[in-house]
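Working notes for the structure below.
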Amino acid sequence: MKFFFQLFYQLLCIALLTGSLTVHAQSYFADGLSPAFHKERRQAFRDLLPENGVAVIFNNPVKNRSNDTEFSYRPNSDFYYLTGFREPNAALIIFKKPQTVDGAKVNEIIYVQPRDPRKEQWDGVRLGVDGVKEKLGFEHAYVHSDFMKSPQIDWNNLAPVLSFDMGIIEGGSHNAPLNEMVSKLKSMSLSTEVPSNTALNQIMAKLRAVKTAEELVILEKAILISGKGHIESFKSIKPGVSERAVQGVHEFVHKAMGAEDIGYGSIVGSGNNTTILHYVENSVEDLTDGLILMDVGAEYKGYSGDITRTVPVKGVFSPEEKAIYEIVLEALEAGIAACTVGAEYKEIDQAARNVIDAGLVKLGLVKPGEKHPYFPHGTGHHLGLDVHDRGGRGILEPGMVLTVEPGIYIPEGSDVDPKWWRIGVRIEDNILITADGNRNLSAFVPKTVEDIERTMKEEGILQKLELNSVAGSF
């Protein structure tokens with residue numbers, strides 16, 4: 001028996017180190033960004049580094065979830081953008097000018113975790129040094145234990161050294177190699193002062209703000225999946241459903257259409273919860289009336305959609321709900337109209353805010369010129385690898401993708417007639433800036449009162465599952 005176990009283990013090791021690598025690596029970037037994309041982005045990054053500059057970038061640590069289990073690993077968005085690499089305990093060094101390393105001229109080095117058949121049996125196949133070279137196009141790759149040791153780099157000839165602030169990395173064996181690399185960098189005695197992360201953040205913001213054609217294909221798919229989840233949820237919302245069940249409809253559609261995750265914590269709030277901007281508990285059961293606000297987006301191949309719709313639980317807006325909704329919808333359209341090349345980012349917010357302020361005055365909820373609490377957030381942000389993506393707030397350029405998301409929120413107890421209480425409305429679309437204007441990538445998701453009420457008449461997934469009758473049997 002011992003002999004057969006040893007033979008099995010040896011065969012397993014051979015499989016992991018040969019055939020399994022090929023299968024895993026072939027799917028490593030399937031339907032995602034290509035190695036050529038990441039290589040070109042590294043060159044664009046290099047071009048923006050200061051003279052004799054060098055950047056040291058670490059991938060994200062593993063995060064503990066509970067006892068000996070971890071959250072699903074997600075790479076640092078900047079690290080992934082520049083490498084395509086999705087494994088922890090990794091570092092990237094990019095030089096402005098080629099440096100002599102082990103007798104060769106080198107302009108970039110990646111450090112990764114080594115192949116380990118025993119660990120790969122538990123946690124999945126690793127690319128390792130050879131896989132990173134073969135599949136991701138790196139010429140110079142080393143295991144993480146060689147960081148700052150071999151190859152030898154004369155750091156004192158490089159200025160400045162730029163590195164992302166890793167903050168506090170939690171303990172545990174999973175992050176030990178990362179901790180060691182970060183400690184080595186921090187302990188170095190350099191001839192030049194290490195600057196803050198501001199310069200590096202500015203470079204990444206400039207690069208990531210404008211999406212390439214390759215990125216837009218993936219981002220549009222993320223938005224399509226997100227929007228389909230909203231449409232299906234409209235059909236399922238009827239009196240008696242729960243916030244969590246509606247959340248489940250969204251996330252089921254995401255998975256069914258190939259999304260690997262949600263882009264952020266799903267916000268599905270009803271009643272007074274519609275007025276809580278980042279409500280994610282989604283715990284209210286047996287909805288009866290009022291509105292339900294859904295801010296939910298899918299993450300597909302690393303890119304996130306971000307769509308918000310607000311609909312009536314009964315399928316028909318009340319007069320007060322409709323009045324507030326129509327103001328927010330008008331503000332959305334005004335914000336989208338301001339999304340043009342050459343416009344300033346702040347013009348989007350101002351256009352939407354002007355509409356909301358005027359609308360609230362018209363309803364008698366605020367006085368002209370009054371500073372009010374009913375629209376407490378900005379009107380949008382960049383969208384991409386992060387739901388609140390990197391990007392500046394200056395002049396709009398073709399290729400930028402922005403959200404436009406005005407809202408009005410009137411919590412219970414507000415200083416207005418109680419008939420307006422518990423009404424929170426946000427409507428959010430995803431807008432691509434084009435050379436001749438813009439394109440609304442989420443326009444297919446119903447948002448007029450008429451289109452929403454018509455869509456909600458259809459039978460949804462939750463009704464087909466007959467959840468109410470099942471719940472009543474327990």
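FYI, nothing fancy with the structure tokens labels: chains A, B, ... in order, residues from 1 per chain, ligands from 1 as they appear.
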Quick one: residues within 12 Å of A:Ile336, only C-alpha atoms counted, chain neighbours fewer than 4 positions away excluded, as a tab-separated table (two decimals) with all heavy atoms, in the first residue's frame?
```tsv
chain	number	residue	atom	x	y	z
A	329	LEU	N	-34.42	61.25	-12.44
A	329	LEU	CA	-34.23	60.84	-13.83
A	329	LEU	C	-33.83	62.02	-14.70
A	329	LEU	O	-32.94	61.91	-15.55
A	329	LEU	CB	-35.51	60.19	-14.36
A	329	LEU	CG	-35.45	59.67	-15.80
A	329	LEU	CD1	-34.37	58.61	-15.94
A	329	LEU	CD2	-36.82	59.12	-16.22
A	330	GLU	N	-34.46	63.16	-14.49
A	330	GLU	CA	-34.09	64.37	-15.25
A	330	GLU	C	-32.65	64.78	-14.93
A	330	GLU	O	-31.89	65.19	-15.82
A	330	GLU	CB	-35.06	65.51	-14.93
A	330	GLU	CG	-34.80	66.78	-15.73
A	330	GLU	CD	-35.71	67.93	-15.34
A	330	GLU	OE1	-36.66	67.71	-14.56
A	330	GLU	OE2	-35.45	69.07	-15.80
A	331	ALA	N	-32.27	64.66	-13.66
A	331	ALA	CA	-30.90	64.99	-13.26
A	331	ALA	C	-29.90	64.04	-13.91
A	331	ALA	O	-28.81	64.45	-14.33
A	331	ALA	CB	-30.77	64.93	-11.74
A	332	LEU	N	-30.27	62.76	-14.00
A	332	LEU	CA	-29.40	61.78	-14.68
A	332	LEU	C	-29.17	62.18	-16.12
A	332	LEU	O	-28.02	62.19	-16.60
A	332	LEU	CB	-30.04	60.40	-14.61
A	332	LEU	CG	-29.33	59.30	-15.39
A	332	LEU	CD1	-28.04	58.88	-14.70
A	332	LEU	CD2	-30.25	58.09	-15.59
A	340	THR	N	-19.02	65.11	-22.19
A	340	THR	CA	-18.48	65.35	-23.53
A	340	THR	C	-16.99	65.64	-23.46
A	340	THR	O	-16.48	66.13	-22.45
A	340	THR	CB	-19.20	66.54	-24.20
A	340	THR	OG1	-19.04	67.71	-23.38
A	340	THR	CG2	-20.68	66.26	-24.37
A	343	ALA	N	-15.02	68.71	-21.66
A	343	ALA	CA	-15.72	69.25	-20.50
A	343	ALA	C	-14.94	68.93	-19.23
A	343	ALA	O	-14.15	67.99	-19.20
A	343	ALA	CB	-17.13	68.67	-20.42
A	345	TYR	N	-14.75	67.56	-15.41
A	345	TYR	CA	-15.43	66.53	-14.65
A	345	TYR	C	-16.52	67.12	-13.75
A	345	TYR	O	-17.63	66.57	-13.65
A	345	TYR	CB	-14.40	65.76	-13.82
A	345	TYR	CG	-14.92	64.51	-13.16
A	345	TYR	CD1	-14.80	63.27	-13.76
A	345	TYR	CD2	-15.52	64.58	-11.90
A	345	TYR	CE1	-15.28	62.13	-13.14
A	345	TYR	CE2	-16.00	63.44	-11.28
A	345	TYR	CZ	-15.87	62.22	-11.91
A	345	TYR	OH	-16.36	61.09	-11.29
A	347	GLU	N	-18.42	69.51	-14.15
A	347	GLU	CA	-19.62	69.97	-14.84
A	347	GLU	C	-20.73	68.93	-14.80
A	347	GLU	O	-21.91	69.28	-14.84
A	347	GLU	CB	-19.28	70.32	-16.30
A	347	GLU	CG	-18.37	71.53	-16.45
A	347	GLU	CD	-18.02	71.82	-17.90
A	347	GLU	OE1	-18.92	71.66	-18.76
A	347	GLU	OE2	-16.87	72.20	-18.18
A	348	ILE	N	-20.36	67.65	-14.72
A	348	ILE	CA	-21.37	66.59	-14.64
A	348	ILE	C	-22.16	66.73	-13.35
A	348	ILE	O	-23.39	66.71	-13.35
A	348	ILE	CB	-20.69	65.21	-14.70
A	348	ILE	CG1	-19.86	65.06	-15.97
A	348	ILE	CG2	-21.73	64.09	-14.61
A	348	ILE	CD1	-19.00	63.81	-16.00
A	349	ASP	N	-21.43	66.87	-12.25
A	349	ASP	CA	-22.08	67.00	-10.95
A	349	ASP	C	-22.94	68.25	-10.90
A	349	ASP	O	-24.08	68.22	-10.41
A	349	ASP	CB	-21.02	67.05	-9.85
A	349	ASP	CG	-21.63	67.16	-8.46
A	349	ASP	OD1	-22.11	66.13	-7.94
A	349	ASP	OD2	-21.63	68.27	-7.90
A	350	GLN	N	-22.42	69.35	-11.42
A	350	GLN	CA	-23.17	70.60	-11.35
A	350	GLN	C	-24.45	70.53	-12.15
A	350	GLN	O	-25.50	71.03	-11.71
A	350	GLN	CB	-22.31	71.77	-11.83
A	350	GLN	CG	-22.86	73.13	-11.46
A	350	GLN	CD	-23.02	73.29	-9.96
A	350	GLN	OE1	-22.06	73.20	-9.20
A	350	GLN	NE2	-24.26	73.51	-9.51
A	351	ALA	N	-24.39	69.90	-13.32
A	351	ALA	CA	-25.58	69.78	-14.16
A	351	ALA	C	-26.68	69.00	-13.45
A	351	ALA	O	-27.86	69.39	-13.45
A	351	ALA	CB	-25.22	69.11	-15.49
A	352	ALA	N	-26.30	67.88	-12.83
A	352	ALA	CA	-27.29	67.06	-12.12
A	352	ALA	C	-27.80	67.77	-10.87
A	352	ALA	O	-29.01	67.74	-10.57
A	352	ALA	CB	-26.65	65.73	-11.74
A	379	THR	N	-21.75	62.97	-8.09
A	379	THR	CA	-22.61	62.41	-9.13
A	379	THR	C	-21.97	61.26	-9.90
A	379	THR	O	-22.63	60.65	-10.73
A	379	THR	CB	-23.03	63.54	-10.10
A	379	THR	OG1	-23.62	64.59	-9.34
A	379	THR	CG2	-24.04	63.09	-11.13
A	380	GLY	N	-20.72	60.92	-9.61
A	380	GLY	CA	-20.16	59.79	-10.34
A	380	GLY	C	-18.69	59.57	-10.07
A	380	GLY	O	-18.08	60.23	-9.21
A	401	VAL	N	-14.54	55.90	-18.97
A	401	VAL	CA	-15.86	55.37	-18.64
A	401	VAL	C	-16.22	55.86	-17.25
A	401	VAL	O	-15.48	55.64	-16.28
A	401	VAL	CB	-15.88	53.83	-18.69
A	401	VAL	CG1	-17.26	53.31	-18.32
A	401	VAL	CG2	-15.48	53.33	-20.08
A	402	LEU	N	-17.35	56.55	-17.16
A	402	LEU	CA	-17.77	57.19	-15.91
A	402	LEU	C	-19.16	56.70	-15.52
A	402	LEU	O	-19.97	56.32	-16.38
A	402	LEU	CB	-17.82	58.71	-16.08
A	402	LEU	CG	-16.60	59.41	-16.67
A	402	LEU	CD1	-16.92	60.86	-16.94
A	402	LEU	CD2	-15.40	59.28	-15.75
A	403	THR	N	-19.44	56.73	-14.23
A	403	THR	CA	-20.82	56.57	-13.80
A	403	THR	C	-21.44	57.94	-13.63
A	403	THR	O	-20.76	58.91	-13.29
A	403	THR	CB	-20.91	55.82	-12.46
A	403	THR	OG1	-20.36	56.64	-11.43
A	403	THR	CG2	-20.17	54.50	-12.52
A	404	VAL	N	-22.73	58.02	-13.90
A	404	VAL	CA	-23.52	59.20	-13.56
A	404	VAL	C	-24.64	58.69	-12.67
A	404	VAL	O	-25.44	57.85	-13.09
A	404	VAL	CB	-24.07	59.90	-14.81
A	404	VAL	CG1	-24.91	61.11	-14.42
A	404	VAL	CG2	-22.93	60.33	-15.74
A	405	GLU	N	-24.71	59.18	-11.41
A	405	GLU	CA	-25.62	58.58	-10.44
A	405	GLU	C	-26.18	59.59	-9.45
A	405	GLU	O	-25.85	59.57	-8.26
A	405	GLU	CB	-24.91	57.45	-9.68
A	405	GLU	CG	-23.54	57.82	-9.13
A	405	GLU	CD	-22.91	56.66	-8.36
A	405	GLU	OE1	-23.59	56.07	-7.50
A	405	GLU	OE2	-21.73	56.35	-8.63
A	406	PRO	N	-27.05	60.47	-9.90
A	406	PRO	CA	-27.68	61.40	-8.96
A	406	PRO	C	-28.69	60.68	-8.07
A	406	PRO	O	-29.13	59.56	-8.39
A	406	PRO	CB	-28.38	62.40	-9.89
A	406	PRO	CG	-28.68	61.60	-11.11
A	406	PRO	CD	-27.52	60.65	-11.27
A	427	ILE	N	-30.48	56.64	-9.50
A	427	ILE	CA	-30.46	56.03	-10.83
A	427	ILE	C	-29.05	56.22	-11.37
A	427	ILE	O	-28.53	57.34	-11.36
A	427	ILE	CB	-31.49	56.65	-11.79
A	427	ILE	CG1	-32.84	56.85	-11.10
A	427	ILE	CG2	-31.66	55.78	-13.03
A	427	ILE	CD1	-33.85	57.63	-11.93
A	428	GLU	N	-28.45	55.14	-11.84
A	428	GLU	CA	-27.04	55.20	-12.25
A	428	GLU	C	-26.82	54.48	-13.57
A	428	GLU	O	-27.22	53.32	-13.74
A	428	GLU	CB	-26.18	54.55	-11.15
A	428	GLU	CG	-24.69	54.48	-11.48
A	428	GLU	CD	-23.91	53.82	-10.36
A	428	GLU	OE1	-24.52	53.06	-9.57
A	428	GLU	OE2	-22.70	54.05	-10.26
A	429	ASP	N	-26.15	55.17	-14.48
A	429	ASP	CA	-25.76	54.57	-15.76
A	429	ASP	C	-24.25	54.66	-15.93
A	429	ASP	O	-23.57	55.44	-15.24
A	429	ASP	CB	-26.47	55.28	-16.92
A	429	ASP	CG	-27.86	54.73	-17.17
A	429	ASP	OD1	-28.06	53.52	-16.97
A	429	ASP	OD2	-28.76	55.50	-17.58
A	430	ASN	N	-23.74	53.87	-16.86
A	430	ASN	CA	-22.30	53.78	-17.14
A	430	ASN	C	-22.04	54.38	-18.51
A	430	ASN	O	-22.55	53.87	-19.52
A	430	ASN	CB	-21.83	52.33	-17.09
A	430	ASN	CG	-22.13	51.64	-15.76
A	430	ASN	OD1	-22.12	50.43	-15.69
A	430	ASN	ND2	-22.42	52.40	-14.72
A	431	ILE	N	-21.24	55.45	-18.56
A	431	ILE	CA	-21.13	56.27	-19.76
A	431	ILE	C	-19.70	56.24	-20.31
A	431	ILE	O	-18.73	56.53	-19.60
A	431	ILE	CB	-21.50	57.74	-19.44
A	431	ILE	CG1	-22.85	57.81	-18.72
A	431	ILE	CG2	-21.50	58.57	-20.72
A	431	ILE	CD1	-24.02	57.21	-19.49
A	432	LEU	N	-19.58	55.90	-21.58
A	432	LEU	CA	-18.30	55.93	-22.29
A	432	LEU	C	-18.16	57.27	-23.01
A	432	LEU	O	-19.03	57.66	-23.80
A	432	LEU	CB	-18.23	54.79	-23.31
A	432	LEU	CG	-17.07	54.83	-24.32
A	432	LEU	CD1	-15.72	54.69	-23.62
A	432	LEU	CD2	-17.25	53.75	-25.39
A	433	ILE	N	-17.09	57.99	-22.73
A	433	ILE	CA	-16.82	59.24	-23.44
A	433	ILE	C	-16.25	58.91	-24.81
A	433	ILE	O	-15.29	58.15	-24.93
A	433	ILE	CB	-15.81	60.12	-22.66
A	433	ILE	CG1	-16.27	60.34	-21.21
A	433	ILE	CG2	-15.61	61.45	-23.37
A	433	ILE	CD1	-17.58	61.04	-21.07
A	437	GLY	N	-19.06	62.68	-28.43
A	437	GLY	CA	-20.08	62.80	-27.38
A	437	GLY	C	-19.91	61.74	-26.33
A	437	GLY	O	-18.92	61.69	-25.62
A	438	ASN	N	-20.91	60.85	-26.23
A	438	ASN	CA	-20.82	59.74	-25.28
A	438	ASN	C	-21.73	58.61	-25.72
A	438	ASN	O	-22.59	58.79	-26.59
A	438	ASN	CB	-21.15	60.20	-23.86
A	438	ASN	CG	-22.60	60.65	-23.71
A	438	ASN	OD1	-23.53	59.89	-23.88
A	438	ASN	ND2	-22.79	61.94	-23.39
A	439	ARG	N	-21.53	57.46	-25.08
A	439	ARG	CA	-22.40	56.31	-25.33
A	439	ARG	C	-22.79	55.72	-23.99
A	439	ARG	O	-21.93	55.40	-23.16
A	439	ARG	CB	-21.69	55.28	-26.20
A	439	ARG	CG	-22.55	54.07	-26.57
A	439	ARG	CD	-22.03	53.39	-27.83
A	439	ARG	NE	-20.70	52.86	-27.66
A	439	ARG	CZ	-20.44	51.59	-27.28
A	439	ARG	NH1	-21.44	50.77	-27.00
A	439	ARG	NH2	-19.20	51.16	-27.18
A	440	ASN	N	-24.07	55.57	-23.77
A	440	ASN	CA	-24.58	55.01	-22.52
A	440	ASN	C	-24.55	53.49	-22.62
A	440	ASN	O	-25.36	52.87	-23.30
A	440	ASN	CB	-26.01	55.50	-22.26
A	440	ASN	CG	-26.52	55.11	-20.88
A	440	ASN	OD1	-25.98	54.23	-20.23
A	440	ASN	ND2	-27.57	55.77	-20.45
A	441	LEU	N	-23.60	52.86	-21.91
A	441	LEU	CA	-23.40	51.42	-22.02
A	441	LEU	C	-24.48	50.64	-21.27
A	441	LEU	O	-24.61	49.42	-21.48
A	441	LEU	CB	-22.02	51.05	-21.48
A	441	LEU	CG	-20.83	51.76	-22.15
A	441	LEU	CD1	-19.53	51.31	-21.51
A	441	LEU	CD2	-20.81	51.50	-23.65
A	442	SER	N	-25.23	51.29	-20.40
A	442	SER	CA	-26.27	50.60	-19.64
A	442	SER	C	-27.66	51.11	-20.01
A	442	SER	O	-28.63	50.90	-19.26
A	442	SER	CB	-26.04	50.79	-18.13
A	442	SER	OG	-25.87	52.15	-17.81
A	443	ALA	N	-27.79	51.72	-21.17
A	443	ALA	CA	-29.07	52.32	-21.58
A	443	ALA	C	-30.16	51.27	-21.77
A	443	ALA	O	-31.35	51.60	-21.72
A	443	ALA	CB	-28.89	53.12	-22.87
```
(request) Write out as a ChimeraX atom specification all residues of stretch 74-174 of chain A that DSSP puts in alpha helix (DSSP H) for this structure's backbone. (result) /A:77-83,117-123,128-136
Writer output for current selection, N, CA and C atoms, as an mmCIF file, in the first residue's frame:
```
data_model
loop_
_atom_site.group_PDB
_atom_site.id
_atom_site.type_symbol
_atom_site.label_atom_id
_atom_site.label_comp_id
_atom_site.auth_asym_id
_atom_site.auth_seq_id
_atom_site.Cartn_x
_atom_site.Cartn_y
_atom_site.Cartn_z
ATOM 1 N N SER A 77 -5.331 45.662 -8.314
ATOM 2 C CA SER A 77 -5.755 46.046 -9.667
ATOM 3 C C SER A 77 -4.601 46.622 -10.487
ATOM 4 N N ASP A 78 -3.745 47.424 -9.867
ATOM 5 C CA ASP A 78 -2.602 47.979 -10.583
ATOM 6 C C ASP A 78 -1.629 46.875 -10.985
ATOM 7 N N PHE A 79 -1.395 45.941 -10.068
ATOM 8 C CA PHE A 79 -0.483 44.835 -10.354
ATOM 9 C C PHE A 79 -1.011 44.000 -11.518
ATOM 10 N N TYR A 80 -2.301 43.688 -11.485
ATOM 11 C CA TYR A 80 -2.897 42.910 -12.567
ATOM 12 C C TYR A 80 -2.846 43.675 -13.884
ATOM 13 N N TYR A 81 -3.124 44.950 -13.834
ATOM 14 C CA TYR A 81 -3.112 45.800 -15.030
ATOM 15 C C TYR A 81 -1.760 45.746 -15.728
ATOM 16 N N LEU A 82 -0.685 45.711 -14.946
ATOM 17 C CA LEU A 82 0.668 45.738 -15.511
ATOM 18 C C LEU A 82 1.233 44.357 -15.819
ATOM 19 N N THR A 83 0.636 43.306 -15.253
ATOM 20 C CA THR A 83 1.236 41.974 -15.407
ATOM 21 C C THR A 83 0.295 40.898 -15.932
ATOM 22 N N PRO A 117 4.102 21.180 -5.800
ATOM 23 C CA PRO A 117 3.026 20.215 -6.070
ATOM 24 C C PRO A 117 2.140 19.935 -4.864
ATOM 25 N N ARG A 118 2.726 19.848 -3.679
ATOM 26 C CA ARG A 118 1.913 19.527 -2.505
ATOM 27 C C ARG A 118 0.916 20.651 -2.212
ATOM 28 N N LYS A 119 1.366 21.911 -2.276
ATOM 29 C CA LYS A 119 0.463 23.033 -2.026
ATOM 30 C C LYS A 119 -0.516 23.231 -3.181
ATOM 31 N N GLU A 120 -0.064 22.928 -4.385
ATOM 32 C CA GLU A 120 -0.939 23.109 -5.542
ATOM 33 C C GLU A 120 -2.092 22.109 -5.530
ATOM 34 N N GLN A 121 -1.883 20.961 -4.902
ATOM 35 C CA GLN A 121 -2.973 20.005 -4.774
ATOM 36 C C GLN A 121 -4.106 20.580 -3.930
ATOM 37 N N TRP A 122 -3.759 21.413 -2.949
ATOM 38 C CA TRP A 122 -4.755 22.029 -2.081
ATOM 39 C C TRP A 122 -5.323 23.326 -2.658
ATOM 40 N N ASP A 123 -4.473 24.161 -3.224
ATOM 41 C CA ASP A 123 -4.875 25.534 -3.552
ATOM 42 C C ASP A 123 -4.908 25.861 -5.037
ATOM 43 N N GLY A 128 4.456 29.727 -11.573
ATOM 44 C CA GLY A 128 5.887 29.603 -11.322
ATOM 45 C C GLY A 128 6.704 30.449 -12.283
ATOM 46 N N VAL A 129 8.009 30.384 -12.131
ATOM 47 C CA VAL A 129 8.916 31.203 -12.946
ATOM 48 C C VAL A 129 8.772 30.877 -14.424
ATOM 49 N N ASP A 130 8.791 29.602 -14.775
ATOM 50 C CA ASP A 130 8.715 29.226 -16.195
ATOM 51 C C ASP A 130 7.371 29.599 -16.802
ATOM 52 N N GLY A 131 6.302 29.404 -16.041
ATOM 53 C CA GLY A 131 4.975 29.736 -16.562
ATOM 54 C C GLY A 131 4.798 31.226 -16.796
ATOM 55 N N VAL A 132 5.357 32.046 -15.901
ATOM 56 C CA VAL A 132 5.279 33.497 -16.073
ATOM 57 C C VAL A 132 6.032 33.935 -17.318
ATOM 58 N N LYS A 133 7.170 33.309 -17.559
ATOM 59 C CA LYS A 133 7.930 33.642 -18.765
ATOM 60 C C LYS A 133 7.178 33.206 -20.021
ATOM 61 N N GLU A 134 6.669 31.984 -19.992
ATOM 62 C CA GLU A 134 6.028 31.421 -21.187
ATOM 63 C C GLU A 134 4.668 32.040 -21.479
ATOM 64 N N LYS A 135 3.861 32.212 -20.445
ATOM 65 C CA LYS A 135 2.472 32.603 -20.661
ATOM 66 C C LYS A 135 2.210 34.105 -20.529
ATOM 67 N N LEU A 136 3.028 34.796 -19.755
ATOM 68 C CA LEU A 136 2.798 36.226 -19.557
ATOM 69 C C LEU A 136 3.863 37.100 -20.209
#
```
Excluding A:Val268 and its own-chain neighbours fewer than 4 positions away, which residues fall within 9 Å of it when counting only C-alpha atoms? Please give them as a compact mmCIF listing (two decimals) with all heavy atoms, in the first residue's frame.
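What follows is the written file part.txt:
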```txt
# COMPACT_ATOMS: atom_id res chain seq x y z
N GLU A 243 -35.28 41.36 0.64
CA GLU A 243 -34.13 42.05 0.04
C GLU A 243 -33.08 41.03 -0.41
O GLU A 243 -32.51 41.15 -1.50
CB GLU A 243 -33.51 43.02 1.05
CG GLU A 243 -34.38 44.21 1.39
CD GLU A 243 -33.79 45.08 2.49
OE1 GLU A 243 -32.84 44.63 3.18
OE2 GLU A 243 -34.27 46.21 2.69
N ARG A 244 -32.82 40.04 0.44
CA ARG A 244 -31.76 39.07 0.13
C ARG A 244 -32.13 38.22 -1.08
O ARG A 244 -31.26 37.85 -1.88
CB ARG A 244 -31.48 38.20 1.35
CG ARG A 244 -30.28 37.27 1.17
CD ARG A 244 -29.77 36.77 2.50
NE ARG A 244 -29.17 37.85 3.28
CZ ARG A 244 -29.38 38.06 4.57
NH1 ARG A 244 -30.21 37.26 5.24
NH2 ARG A 244 -28.80 39.05 5.21
N VAL A 246 -33.88 39.20 -3.62
CA VAL A 246 -33.65 40.05 -4.80
C VAL A 246 -32.16 40.12 -5.10
O VAL A 246 -31.73 40.06 -6.26
CB VAL A 246 -34.24 41.45 -4.58
CG1 VAL A 246 -33.89 42.38 -5.73
CG2 VAL A 246 -35.76 41.36 -4.40
N GLN A 247 -31.35 40.26 -4.04
CA GLN A 247 -29.90 40.22 -4.22
C GLN A 247 -29.49 38.91 -4.90
O GLN A 247 -28.64 38.89 -5.80
CB GLN A 247 -29.20 40.33 -2.87
CG GLN A 247 -27.68 40.16 -2.93
CD GLN A 247 -27.04 40.11 -1.55
OE1 GLN A 247 -27.71 40.31 -0.54
NE2 GLN A 247 -25.76 39.82 -1.49
N ASN A 273 -34.35 51.95 4.10
CA ASN A 273 -33.01 51.53 3.69
C ASN A 273 -32.60 52.11 2.34
O ASN A 273 -31.42 52.14 2.02
CB ASN A 273 -32.93 50.00 3.63
CG ASN A 273 -33.05 49.35 5.00
OD1 ASN A 273 -32.70 49.96 6.01
ND2 ASN A 273 -33.58 48.13 5.05
N THR A 274 -33.57 52.59 1.57
CA THR A 274 -33.22 53.24 0.31
C THR A 274 -32.47 54.54 0.55
O THR A 274 -31.81 55.07 -0.36
CB THR A 274 -34.48 53.56 -0.53
OG1 THR A 274 -35.32 54.47 0.20
CG2 THR A 274 -35.25 52.30 -0.87
N TYR A 279 -25.91 50.71 2.16
CA TYR A 279 -26.61 49.66 2.89
C TYR A 279 -26.34 48.32 2.21
O TYR A 279 -26.69 48.12 1.05
CB TYR A 279 -28.11 49.96 2.91
CG TYR A 279 -28.97 48.83 3.44
CD1 TYR A 279 -29.11 48.63 4.81
CD2 TYR A 279 -29.65 47.99 2.57
CE1 TYR A 279 -29.90 47.60 5.29
CE2 TYR A 279 -30.46 46.96 3.05
CZ TYR A 279 -30.57 46.76 4.41
OH TYR A 279 -31.36 45.75 4.89
N VAL A 280 -25.72 47.39 2.93
CA VAL A 280 -25.38 46.09 2.32
C VAL A 280 -25.88 44.90 3.13
O VAL A 280 -25.65 43.75 2.75
CB VAL A 280 -23.85 45.95 2.12
CG1 VAL A 280 -23.34 46.94 1.08
CG2 VAL A 280 -23.10 46.11 3.43
N GLU A 281 -26.59 45.15 4.24
CA GLU A 281 -27.09 44.02 5.03
C GLU A 281 -28.13 43.22 4.26
O GLU A 281 -28.19 41.99 4.35
CB GLU A 281 -27.70 44.53 6.34
CG GLU A 281 -26.68 44.97 7.37
CD GLU A 281 -26.21 46.40 7.13
OE1 GLU A 281 -26.68 47.04 6.16
OE2 GLU A 281 -25.36 46.88 7.91
N ASN A 282 -29.01 43.91 3.54
CA ASN A 282 -30.01 43.26 2.68
C ASN A 282 -30.78 42.18 3.47
O ASN A 282 -30.96 41.05 2.98
CB ASN A 282 -29.34 42.65 1.44
CG ASN A 282 -28.50 43.65 0.68
OD1 ASN A 282 -28.71 44.86 0.79
ND2 ASN A 282 -27.54 43.18 -0.08
N ILE A 292 -37.63 49.99 -3.61
CA ILE A 292 -36.45 49.18 -3.37
C ILE A 292 -35.34 49.67 -4.31
O ILE A 292 -35.53 49.78 -5.52
CB ILE A 292 -36.72 47.67 -3.56
CG1 ILE A 292 -35.46 46.85 -3.25
CG2 ILE A 292 -37.28 47.35 -4.93
CD1 ILE A 292 -35.74 45.36 -3.09
N LEU A 293 -34.22 50.05 -3.71
CA LEU A 293 -33.08 50.61 -4.45
C LEU A 293 -32.04 49.51 -4.60
O LEU A 293 -31.61 48.89 -3.62
CB LEU A 293 -32.52 51.82 -3.71
CG LEU A 293 -31.39 52.62 -4.37
CD1 LEU A 293 -31.39 54.06 -3.83
CD2 LEU A 293 -30.02 52.00 -4.14
N MET A 294 -31.58 49.29 -5.82
CA MET A 294 -30.61 48.24 -6.11
C MET A 294 -29.39 48.83 -6.81
O MET A 294 -29.48 49.28 -7.95
CB MET A 294 -31.25 47.16 -7.00
CG MET A 294 -32.45 46.49 -6.37
SD MET A 294 -33.41 45.53 -7.58
CE MET A 294 -34.14 46.86 -8.54
N ASP A 295 -28.28 48.84 -6.11
CA ASP A 295 -27.00 49.29 -6.66
C ASP A 295 -26.11 48.05 -6.70
O ASP A 295 -25.47 47.69 -5.71
CB ASP A 295 -26.41 50.37 -5.76
CG ASP A 295 -25.15 51.01 -6.33
OD1 ASP A 295 -24.52 50.39 -7.20
OD2 ASP A 295 -24.78 52.11 -5.89
N VAL A 296 -26.10 47.38 -7.86
CA VAL A 296 -25.46 46.07 -7.97
C VAL A 296 -24.69 45.98 -9.28
O VAL A 296 -25.21 46.39 -10.33
CB VAL A 296 -26.50 44.93 -7.91
CG1 VAL A 296 -25.80 43.57 -7.85
CG2 VAL A 296 -27.44 45.10 -6.71
```
(message) For A:Glu397, find every residue with an atom within 8 Å (counting only C-alpha atoms), except residues of its own chain fewer than 5 positions away, and show them as a PyMOL selection string.
(response) chain A and resi 210+340-342+433-435
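The closest residue to A:Val387, picked from A:Ser66, A:Gln202, A:Ser304, A:Ser266 and counting only C-alpha atoms, is A:Ser304.
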(message) So that I can see what lies close to A:Phe252, please list as a PyMOL selection string the residues with an atom at most 10 Å from it, counting only C-alpha atoms and leaving out residues fewer than 5 positions away in the same chain.
(response) chain A and resi 229+232+246-247+257+259+461
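Using only C-alpha atoms, the nearest neighbour of A:Glu466 within the list A:Pro35, A:Gly394, A:Gly240, A:Gly407 is A:Gly240.
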(message) Show me, as number ranges by chain, the residues that have an atom within 12 Å of A:Glu180 when counting only C-alpha atoms, minus same-chain residues fewer than 6 positions from it.
(response) A: 58, 89-91, 144-149, 169, 171, 173-174, 186-187
